[in-house]
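Below: upload04.cif (mmCIF, C-alpha atoms)
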```cif
data_input
loop_
_atom_site.group_PDB
_atom_site.id
_atom_site.type_symbol
_atom_site.label_atom_id
_atom_site.label_comp_id
_atom_site.auth_asym_id
_atom_site.auth_seq_id
_atom_site.Cartn_x
_atom_site.Cartn_y
_atom_site.Cartn_z
ATOM 1 C CA MET A 164 116.198 76.873 87.744
ATOM 2 C CA LEU A 165 113.015 78.774 88.562
ATOM 3 C CA VAL A 166 111.029 80.577 85.866
ATOM 4 C CA LEU A 167 109.226 83.437 87.616
ATOM 5 C CA LEU A 168 106.647 86.047 86.755
ATOM 6 C CA GLY A 169 106.473 89.228 88.802
ATOM 7 C CA PRO A 170 103.798 91.336 90.485
ATOM 8 C CA ASP A 171 102.972 93.083 87.200
ATOM 9 C CA PHE A 172 101.123 89.921 86.107
ATOM 10 C CA ASP A 173 97.482 91.092 86.009
ATOM 11 C CA GLY A 174 95.720 87.740 86.468
ATOM 12 C CA SER A 175 93.165 88.428 83.729
ATOM 13 C CA PRO A 176 91.439 85.538 81.873
ATOM 14 C CA ASP A 177 93.364 86.546 78.747
ATOM 15 C CA ALA A 178 96.673 86.409 80.641
ATOM 16 C CA TYR A 179 95.972 82.932 81.973
ATOM 17 C CA ALA A 180 94.879 81.803 78.499
ATOM 18 C CA ARG A 181 98.146 83.008 76.963
ATOM 19 C CA LEU A 182 100.086 81.341 79.764
ATOM 20 C CA THR A 183 98.291 78.056 79.156
ATOM 21 C CA GLN A 184 99.212 78.220 75.493
ATOM 22 C CA ALA A 185 102.858 79.102 76.200
ATOM 23 C CA THR A 186 103.454 76.592 79.006
ATOM 24 C CA GLY A 187 101.142 73.669 78.280
ATOM 25 C CA LEU A 188 99.924 73.869 81.893
ATOM 26 C CA VAL A 189 96.224 73.910 82.714
ATOM 27 C CA SER A 190 94.642 77.126 83.975
ATOM 28 C CA TYR A 191 93.863 75.631 87.397
ATOM 29 C CA ASP A 192 97.548 74.819 87.977
ATOM 30 C CA LEU A 193 98.671 78.247 86.802
ATOM 31 C CA LYS A 194 96.177 80.018 89.090
ATOM 32 C CA ALA A 195 97.604 78.100 92.047
ATOM 33 C CA ARG A 196 101.147 79.198 91.151
ATOM 34 C CA LEU A 197 100.613 82.762 89.941
ATOM 35 C CA LYS A 198 98.631 85.510 91.624
ATOM 36 C CA PRO A 199 98.451 89.211 90.717
ATOM 37 C CA GLY A 200 100.630 91.446 92.847
ATOM 38 C CA SER A 201 103.277 88.916 93.883
ATOM 39 C CA TRP A 202 106.114 86.835 92.481
ATOM 40 C CA GLY A 203 105.189 83.299 91.426
ATOM 41 C CA VAL A 204 106.903 80.265 89.962
ATOM 42 C CA VAL A 205 105.624 79.323 86.511
ATOM 43 C CA LYS A 206 107.778 76.196 86.389
ATOM 44 C CA ALA A 207 110.995 74.767 87.843
ATOM 45 C CA PHE A 208 113.616 73.008 85.729
ATOM 46 C CA GLY A 209 116.777 71.046 86.384
ATOM 47 C CA ASP A 210 118.059 72.053 82.953
ATOM 48 C CA VAL A 211 118.963 75.687 82.225
ATOM 49 C CA GLY A 212 118.273 75.279 78.520
ATOM 50 C CA GLN A 213 114.683 74.207 79.143
ATOM 51 C CA ALA A 214 114.175 77.135 81.506
ATOM 52 C CA ARG A 215 115.478 79.570 78.900
ATOM 53 C CA ASP A 216 113.279 77.995 76.238
ATOM 54 C CA LEU A 217 110.159 78.533 78.351
ATOM 55 C CA ALA A 218 111.268 82.077 79.202
ATOM 56 C CA GLY A 219 111.522 82.785 75.475
ATOM 57 C CA LYS A 220 107.992 81.511 74.901
ATOM 58 C CA LEU A 221 106.694 83.650 77.765
ATOM 59 C CA SER A 222 108.428 86.731 76.383
ATOM 60 C CA ALA A 223 106.919 86.082 72.972
ATOM 61 C CA ALA A 224 103.499 85.862 74.640
ATOM 62 C CA GLY A 225 103.940 89.337 76.129
ATOM 63 C CA PHE A 226 105.173 88.480 79.632
ATOM 64 C CA SER A 227 108.360 89.493 81.466
ATOM 65 C CA PRO A 228 109.839 86.274 82.891
ATOM 66 C CA VAL A 229 112.856 86.147 85.183
ATOM 67 C CA LEU A 230 115.150 83.158 85.699
ATOM 68 C CA VAL A 231 116.541 82.569 89.192
ATOM 69 C CA ASP A 232 118.672 79.621 90.230
ATOM 70 C CA ARG A 233 117.017 77.804 93.123
ATOM 71 C CA SER A 234 120.394 77.770 94.943
ATOM 72 C CA VAL A 235 120.083 81.555 95.389
ATOM 73 C CA GLY A 236 117.830 80.798 98.350
ATOM 74 C CA HIS A 237 120.833 79.504 100.296
ATOM 75 C CA ASP A 238 123.663 81.408 98.600
ATOM 76 C CA PRO A 239 126.428 81.957 101.216
ATOM 77 C CA GLU A 240 127.221 85.350 99.686
ATOM 78 C CA ARG A 241 123.697 86.618 100.394
ATOM 79 C CA ARG A 242 124.145 87.021 104.126
ATOM 80 C CA VAL A 243 121.531 88.553 106.364
ATOM 81 C CA VAL A 244 123.071 91.420 108.346
ATOM 82 C CA PRO A 245 121.133 92.850 111.318
ATOM 83 C CA VAL A 246 120.610 96.620 111.355
ATOM 84 C CA ALA A 247 120.332 98.380 114.716
ATOM 85 C CA GLY A 248 118.774 101.527 113.253
ATOM 86 C CA VAL A 249 118.571 103.734 110.163
ATOM 87 C CA ARG A 250 118.700 107.445 109.385
ATOM 88 C CA LEU A 251 116.715 108.762 106.453
ATOM 89 C CA GLU A 252 118.786 111.648 105.167
ATOM 90 C CA ASP A 253 118.059 113.749 102.101
ATOM 91 C CA ALA A 254 120.319 111.948 99.636
ATOM 92 C CA GLU A 255 121.007 108.613 101.289
ATOM 93 C CA LEU A 256 119.917 105.995 103.749
ATOM 94 C CA VAL A 257 122.344 105.472 106.618
ATOM 95 C CA LEU A 258 122.435 101.932 108.010
ATOM 96 C CA LEU A 259 123.503 101.676 111.640
ATOM 97 C CA LEU A 260 125.325 98.358 111.842
ATOM 98 C CA ARG A 261 126.777 96.840 114.968
ATOM 99 C CA ASP A 262 130.294 98.144 114.382
ATOM 100 C CA ARG A 263 129.883 101.039 111.929
ATOM 101 C CA GLU A 264 127.587 103.335 109.980
ATOM 102 C CA MET A 265 127.084 102.730 106.276
ATOM 103 C CA PRO A 266 125.564 105.371 103.958
ATOM 104 C CA VAL A 267 123.681 103.890 101.001
ATOM 105 C CA PRO A 268 122.221 105.936 98.114
ATOM 106 C CA TYR A 269 118.467 105.462 97.899
ATOM 107 C CA GLN A 270 118.902 104.504 94.236
ATOM 108 C CA ALA A 271 120.897 101.449 95.344
ATOM 109 C CA LEU A 272 117.857 99.912 97.017
ATOM 110 C CA CYS A 273 116.273 97.202 94.902
ATOM 111 C CA CYS A 274 113.273 96.099 96.963
ATOM 112 C CA ILE A 275 112.101 95.407 100.518
ATOM 113 C CA VAL A 276 110.789 92.011 101.611
ATOM 114 C CA GLU A 277 108.696 92.157 104.768
ATOM 115 C CA GLY A 278 107.167 89.324 106.762
ATOM 116 C CA GLU A 279 107.258 87.083 109.793
ATOM 117 C CA VAL A 280 110.469 85.205 110.504
ATOM 118 C CA GLN A 281 110.114 81.929 112.398
ATOM 119 C CA ILE A 282 113.386 80.552 113.743
ATOM 120 C CA GLY A 283 113.136 76.810 114.310
ATOM 121 C CA ARG A 284 110.315 76.368 111.803
ATOM 122 C CA ALA A 285 109.989 72.752 110.735
ATOM 123 C CA GLN A 286 110.601 71.892 107.106
ATOM 124 C CA GLY A 287 106.877 71.470 106.626
ATOM 125 C CA TYR A 288 106.996 68.825 103.873
ATOM 126 C CA THR A 289 106.055 65.184 104.336
ATOM 127 C CA PRO A 290 105.866 62.812 101.363
ATOM 128 C CA SER A 291 102.353 61.467 100.768
ATOM 129 C CA PRO A 292 102.176 57.794 101.771
ATOM 130 C CA SER A 293 100.701 55.159 99.500
ATOM 131 C CA SER A 294 97.426 53.538 100.514
ATOM 132 C CA THR A 295 99.258 50.330 101.421
ATOM 133 C CA SER A 296 101.278 52.137 104.085
ATOM 134 C CA PHE A 297 98.276 53.410 106.097
ATOM 135 C CA ARG A 298 98.192 52.090 109.651
ATOM 136 C CA ALA A 299 97.402 53.331 113.123
ATOM 137 C CA PRO A 300 100.344 54.955 114.975
ATOM 138 C CA THR A 301 101.757 53.056 117.916
ATOM 139 C CA PRO A 302 101.769 54.606 121.427
ATOM 140 C CA ALA A 303 105.559 54.945 121.200
ATOM 141 C CA GLU A 304 105.301 56.862 117.926
ATOM 142 C CA LEU A 305 102.675 59.194 119.376
ATOM 143 C CA ALA A 306 104.873 59.885 122.392
ATOM 144 C CA THR A 307 107.874 60.609 120.165
ATOM 145 C CA PHE A 308 105.839 62.971 117.976
ATOM 146 C CA THR A 309 104.408 64.809 120.980
ATOM 147 C CA GLN A 310 107.840 65.206 122.545
ATOM 148 C CA SER A 311 109.417 66.519 119.319
ATOM 149 C CA THR A 312 106.579 69.011 118.922
ATOM 150 C CA VAL A 313 107.004 70.314 122.459
ATOM 151 C CA GLN A 314 110.790 70.518 122.274
ATOM 152 C CA ALA A 315 110.966 72.357 118.946
ATOM 153 C CA PRO A 316 109.141 75.684 119.329
ATOM 154 C CA SER A 317 109.677 78.425 116.785
ATOM 155 C CA GLU A 318 110.737 81.949 117.665
ATOM 156 C CA ALA A 319 108.664 84.363 115.573
ATOM 157 C CA PHE A 320 109.215 88.056 114.912
ATOM 158 C CA LEU A 321 108.508 90.626 112.217
ATOM 159 C CA ALA A 322 111.321 91.722 109.930
ATOM 160 C CA ALA A 323 112.028 93.617 106.724
ATOM 161 C CA ASP A 324 114.936 92.776 104.412
ATOM 162 C CA LEU A 325 116.522 95.579 102.389
ATOM 163 C CA HIS A 326 117.922 94.292 99.087
ATOM 164 C CA PHE A 327 120.396 96.261 97.006
ATOM 165 C CA ALA A 328 121.086 96.391 93.281
ATOM 166 C CA THR A 329 124.880 96.160 93.477
ATOM 167 C CA VAL A 330 125.687 93.969 96.519
ATOM 168 C CA LEU A 331 124.370 90.556 97.546
ATOM 169 C CA TRP A 332 124.268 90.875 101.343
ATOM 170 C CA ILE A 333 120.928 91.826 102.885
ATOM 171 C CA ALA A 334 120.251 94.412 105.591
ATOM 172 C CA ARG A 335 117.579 93.162 107.996
ATOM 173 C CA ILE A 336 115.353 95.273 110.218
ATOM 174 C CA ASP A 337 114.503 92.929 113.105
ATOM 175 C CA VAL A 338 111.801 94.471 115.304
ATOM 176 C CA ARG A 339 113.182 92.734 118.407
ATOM 177 C CA HIS A 340 116.430 94.721 118.301
ATOM 178 C CA PHE A 341 115.753 97.677 116.010
ATOM 179 C CA ASP A 342 115.614 101.236 117.371
ATOM 180 C CA PHE A 343 112.602 102.973 115.820
ATOM 181 C CA GLY A 344 113.475 106.240 117.586
ATOM 182 C CA THR A 345 111.226 108.730 119.322
ATOM 183 C CA GLN A 346 108.418 108.559 116.742
ATOM 184 C CA ARG A 347 107.490 104.961 117.433
ATOM 185 C CA THR A 348 103.816 104.205 118.072
ATOM 186 C CA GLY A 349 104.399 101.302 120.440
ATOM 187 C CA ALA A 350 102.893 98.773 118.005
ATOM 188 C CA VAL A 351 105.854 97.085 116.300
ATOM 189 C CA ALA A 352 103.862 95.980 113.242
ATOM 190 C CA GLN A 353 102.710 99.548 112.628
ATOM 191 C CA ASP A 354 106.161 100.988 113.339
ATOM 192 C CA LEU A 355 107.723 98.594 110.830
ATOM 193 C CA GLU A 356 105.120 99.319 108.157
ATOM 194 C CA ILE A 357 105.526 103.087 108.546
ATOM 195 C CA LEU A 358 109.319 102.902 108.378
ATOM 196 C CA VAL A 359 109.324 100.561 105.377
ATOM 197 C CA GLN A 360 106.909 102.822 103.528
ATOM 198 C CA ARG A 361 109.061 105.880 104.215
ATOM 199 C CA ILE A 362 112.170 104.103 102.936
ATOM 200 C CA ALA A 363 110.342 102.853 99.831
ATOM 201 C CA GLU A 364 109.069 106.330 99.013
ATOM 202 C CA ARG A 365 112.535 107.876 99.424
ATOM 203 C CA ALA A 366 113.928 105.203 97.096
ATOM 204 C CA GLY A 367 111.446 106.061 94.348
ATOM 205 C CA ASP A 368 108.547 103.876 95.419
ATOM 206 C CA ILE A 369 110.428 100.606 95.129
ATOM 207 C CA ARG A 370 108.402 97.459 95.579
ATOM 208 C CA VAL A 371 107.603 96.193 99.075
ATOM 209 C CA ASP A 372 106.918 92.457 99.031
ATOM 210 C CA ARG A 373 104.677 91.013 101.758
ATOM 211 C CA ALA A 374 103.567 87.843 99.947
ATOM 212 C CA VAL A 375 105.627 85.159 101.703
ATOM 213 C CA LYS A 376 102.467 83.513 103.109
ATOM 214 C CA THR A 377 100.752 83.182 99.723
ATOM 215 C CA SER A 378 103.427 83.123 97.008
ATOM 216 C CA SER A 379 104.402 79.834 95.348
ATOM 217 C CA VAL A 380 108.023 81.024 95.540
ATOM 218 C CA ALA A 381 108.058 80.212 99.267
ATOM 219 C CA SER A 382 107.223 76.558 98.616
ATOM 220 C CA PHE A 383 110.057 76.179 96.119
ATOM 221 C CA ALA A 384 112.427 78.039 98.438
ATOM 222 C CA MET A 385 112.089 75.620 101.354
ATOM 223 C CA GLN A 386 115.206 73.477 101.120
ATOM 224 C CA LYS A 387 117.966 72.599 103.538
ATOM 225 C CA ALA A 388 120.469 75.443 103.961
ATOM 226 C CA VAL A 389 124.128 75.022 103.030
ATOM 227 C CA PRO A 390 127.096 76.072 105.199
ATOM 228 C CA THR A 391 127.880 79.767 105.125
ATOM 229 C CA GLY A 392 131.192 81.117 103.817
ATOM 230 C CA GLY A 393 132.583 84.246 102.183
ATOM 231 C CA SER A 394 134.435 87.279 103.395
ATOM 232 C CA TRP A 395 132.097 90.091 104.527
ATOM 233 C CA PRO A 396 130.045 90.407 106.685
ATOM 234 C CA PRO A 397 132.120 88.499 109.247
ATOM 235 C CA VAL A 398 131.012 85.132 110.581
ATOM 236 C CA SER A 399 130.066 86.711 113.926
ATOM 237 C CA ASN A 400 127.198 88.492 112.150
ATOM 238 C CA ARG A 401 125.573 85.260 111.062
ATOM 239 C CA MET A 402 121.949 84.774 112.126
ATOM 240 C CA LYS A 403 119.868 81.666 112.642
ATOM 241 C CA GLU A 404 117.669 81.077 109.635
ATOM 242 C CA ASP A 405 114.021 80.569 108.886
ATOM 243 C CA GLN A 406 113.821 77.820 106.254
ATOM 244 C CA ARG A 407 110.925 79.587 104.562
ATOM 245 C CA PHE A 408 111.256 83.364 104.863
ATOM 246 C CA ASP A 409 115.036 83.675 104.449
ATOM 247 C CA PRO A 410 115.384 81.775 101.141
ATOM 248 C CA TYR A 411 112.134 83.356 99.915
ATOM 249 C CA SER A 412 113.550 86.807 100.624
ATOM 250 C CA ARG A 413 116.781 86.010 98.746
ATOM 251 C CA ILE A 414 114.971 84.663 95.688
ATOM 252 C CA VAL A 415 112.562 87.609 95.538
ATOM 253 C CA GLY A 416 115.457 90.030 95.996
ATOM 254 C CA GLU A 417 117.330 88.469 93.078
ATOM 255 C CA ALA A 418 114.184 88.405 90.935
ATOM 256 C CA GLU A 419 113.610 92.109 91.597
ATOM 257 C CA ARG A 420 117.253 92.855 90.800
ATOM 258 C CA GLN A 421 117.041 91.078 87.456
ATOM 259 C CA TYR A 422 113.649 92.574 86.666
ATOM 260 C CA ARG A 423 114.938 96.095 87.277
ATOM 261 C CA LEU A 424 118.020 95.491 85.143
ATOM 262 C CA GLY A 425 115.848 94.075 82.371
ATOM 263 C CA THR A 426 113.525 97.070 82.547
ATOM 264 C CA VAL A 427 116.460 99.490 82.321
ATOM 265 C CA ALA A 428 117.961 97.544 79.425
ATOM 266 C CA ALA A 429 114.690 97.658 77.545
#
```
Would you mind writing the file's structure down as structure tokens?
Amino acid sequence: MLVLLGPDFDGSPDAYARLTQATGLVSYDLKARLKPGSWGVVKAFGDVGQARDLAGKLSAAGFSPVLVDRSVGHDPERRVVPVAGVRLEDAELVLLLRDREMPVPYQALCCIVEGEVQIGRAQGYTPSPSSTSFRAPTPAELATFTQSTVQAPSEAFLAADLHFATVLWIARIDVRHFDFGTQRTGAVAQDLEILVQRIAERAGDIRVDRAVKTSSVASFAMQKAVPTGGSWPPVSNRMKEDQRFDPYSRIVGEAERQYRLGTVAA
């Protein structure tokens, strides 16, 4: 279970001091995990009760913690569905899916997570060896490493995930296949940023998250994916996954959903 703090964390010396008192963690560790303007993991627990206990302490210290199960990052119900295009109408956003059009009220949008997707990205974690295990690599090991590096390239592209308040599947704008229409500039990064900003403004200035490269959530999200199941979208719509961006997007989407519900409830 992940205990998260959101982008409203201001990063002031007083805030870090209160966090140190509530968590027992040193300021240096907290500054590495939590940065103003993005979601960060305060602490991860295997026990739900401990996570709730810390969340209570954080709330008492004036923060707004959110609890998200780490398994959300690979939840089979949170499928990524490619979107071929969108229409921004007055009252709703129309998603152009492969086999149909789907109107969605702007109020249903929860947040947008934008970043670079890298299909085939390596796991990126290697346990630190003890000093007794240090030795020079053999020629055979070097050849194997070189070959695996050459044979496992990653396919990178920009994307934006639209998360909704009432459904778990995710609509993805993939710049490789998305139709930006006649107003496109020709620079995909700029086209994506302009479109995302327009959607966010129509939805009431919902949060656009671009912190996958710096947020501690991404490190906790990188785990092996589980097999996909569920009913809709159909299996044919499944996409290859990035072991970093995809689970990060799901966790941030769920955190935003819970944060918004908590804000409304308050």
Residue nearest A:Ala185 - candidates A:Val211, A:Leu221, A:Val235, A:Val205, atoms counted: all atoms listed in the file: A:Leu221
Residues returned when the PyMOL selection byres ((chain A and resi 375) around 10) runs on this file, as a list of chain:residue names: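 Checking the PyMOL selection byres ((chain A and resi 375) around 10) against this file, the residues are A:Ser201, A:Trp202, A:Val276, A:Glu277, A:Gly278, A:Glu279, A:Asp372, A:Arg373, A:Ala374, A:Lys376, A:Thr377, A:Ser378, A:Ser379, A:Val380, A:Ala381, A:Ser382, A:Arg407, A:Phe408, A:Asp409, A:Tyr411, A:Ser412, A:Val415.
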Long-range neighbours of A:Val359 as a PyMOL selection string, 9 Å cut-off, all atoms listed in the file, 6 positions minimum in chain: chain A and resi 275+277+323+371
One-decimal distance in Å that lies between atom CA of A:Thr186 and atom CA of A:Leu217: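 It comes out at 7.0 Å.
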Nearest residue to A:Arg413 from the set A:Ala271, A:Leu325, A:Ile357, A:Leu182 (distances using all atoms listed in the file):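 Of A:Ala271, A:Leu325, A:Ile357, A:Leu182, the one nearest A:Arg413, counting all atoms listed in the file, is A:Leu325.
Distance check against A:Ala418 using all atoms listed in the file: of A:Arg263, A:Lys194, A:Arg361, A:His326, the minimum falls on A:His326.
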Kindly list the centre and edge lengths in Å, rounded to one decimal, for the axis-aligned box that covers all listed atoms of stretch 375-386 of chain A plus 8 Å on each of its six sides, as JSON.
```
{"center_x": 108.0, "center_y": 79.3, "center_z": 99.2, "size_x": 30.5, "size_y": 27.7, "size_z": 23.8}
```
Coordinates-based distance that separates atom CA of A:Met385 from atom CA of A:Trp332 (Å, one decimal):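 Atom CA of A:Trp332 sits 19.5 Å away from atom CA of A:Met385.
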Suppose a student applies the PyMOL selection byres ((chain A and resi 164-178) around 8) to this structure; what residues should they get, written as an mmCIF file with C-alpha atoms, keeping the file's coordinate frame?
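File produced: part.cif:
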```
data_model
loop_
_atom_site.group_PDB
_atom_site.id
_atom_site.type_symbol
_atom_site.label_atom_id
_atom_site.label_comp_id
_atom_site.auth_asym_id
_atom_site.auth_seq_id
_atom_site.Cartn_x
_atom_site.Cartn_y
_atom_site.Cartn_z
ATOM 1 C CA TYR A 179 95.972 82.932 81.973
ATOM 2 C CA ALA A 180 94.879 81.803 78.499
ATOM 3 C CA ARG A 181 98.146 83.008 76.963
ATOM 4 C CA LEU A 182 100.086 81.341 79.764
ATOM 5 C CA LEU A 197 100.613 82.762 89.941
ATOM 6 C CA LYS A 198 98.631 85.510 91.624
ATOM 7 C CA PRO A 199 98.451 89.211 90.717
ATOM 8 C CA GLY A 200 100.630 91.446 92.847
ATOM 9 C CA SER A 201 103.277 88.916 93.883
ATOM 10 C CA TRP A 202 106.114 86.835 92.481
ATOM 11 C CA GLY A 203 105.189 83.299 91.426
ATOM 12 C CA VAL A 204 106.903 80.265 89.962
ATOM 13 C CA VAL A 205 105.624 79.323 86.511
ATOM 14 C CA LYS A 206 107.778 76.196 86.389
ATOM 15 C CA ALA A 207 110.995 74.767 87.843
ATOM 16 C CA PHE A 208 113.616 73.008 85.729
ATOM 17 C CA GLY A 209 116.777 71.046 86.384
ATOM 18 C CA ASP A 210 118.059 72.053 82.953
ATOM 19 C CA VAL A 211 118.963 75.687 82.225
ATOM 20 C CA ALA A 214 114.175 77.135 81.506
ATOM 21 C CA LEU A 217 110.159 78.533 78.351
ATOM 22 C CA ALA A 218 111.268 82.077 79.202
ATOM 23 C CA PHE A 226 105.173 88.480 79.632
ATOM 24 C CA SER A 227 108.360 89.493 81.466
ATOM 25 C CA PRO A 228 109.839 86.274 82.891
ATOM 26 C CA VAL A 229 112.856 86.147 85.183
ATOM 27 C CA LEU A 230 115.150 83.158 85.699
ATOM 28 C CA VAL A 231 116.541 82.569 89.192
ATOM 29 C CA ASP A 232 118.672 79.621 90.230
ATOM 30 C CA ARG A 233 117.017 77.804 93.123
ATOM 31 C CA ALA A 418 114.184 88.405 90.935
#
```
Between atom CA of A:Arg261 and atom CA of A:Arg335, distance in Å (one decimal):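 Taking atom CA of A:Arg261 as the start and atom CA of A:Arg335 as the end point, the length is 12.1 Å.
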Pick from A:Glu240, A:Ala223, A:Lys403, A:Ala334 nearest to A:Met265, counting only C-alpha atoms: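 The answer is A:Ala334, which sits nearest to A:Met265.
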Output of the PyMOL selection byres ((chain A and resi 344) around 10), listed as a PyMOL selection string: chain A and resi 248-250+341-343+345-348+354
Which residue of A:Ala247, A:Cys273, A:Ile362, A:Ile414 approaches A:Val338 most closely, using only C-alpha atoms: A:Ala247
Proximity to A:Leu251 - best of A:Ala350, A:Val267, A:Cys274, A:Val280, all atoms listed in the file: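 Smallest distance to A:Leu251 is found for A:Val267.
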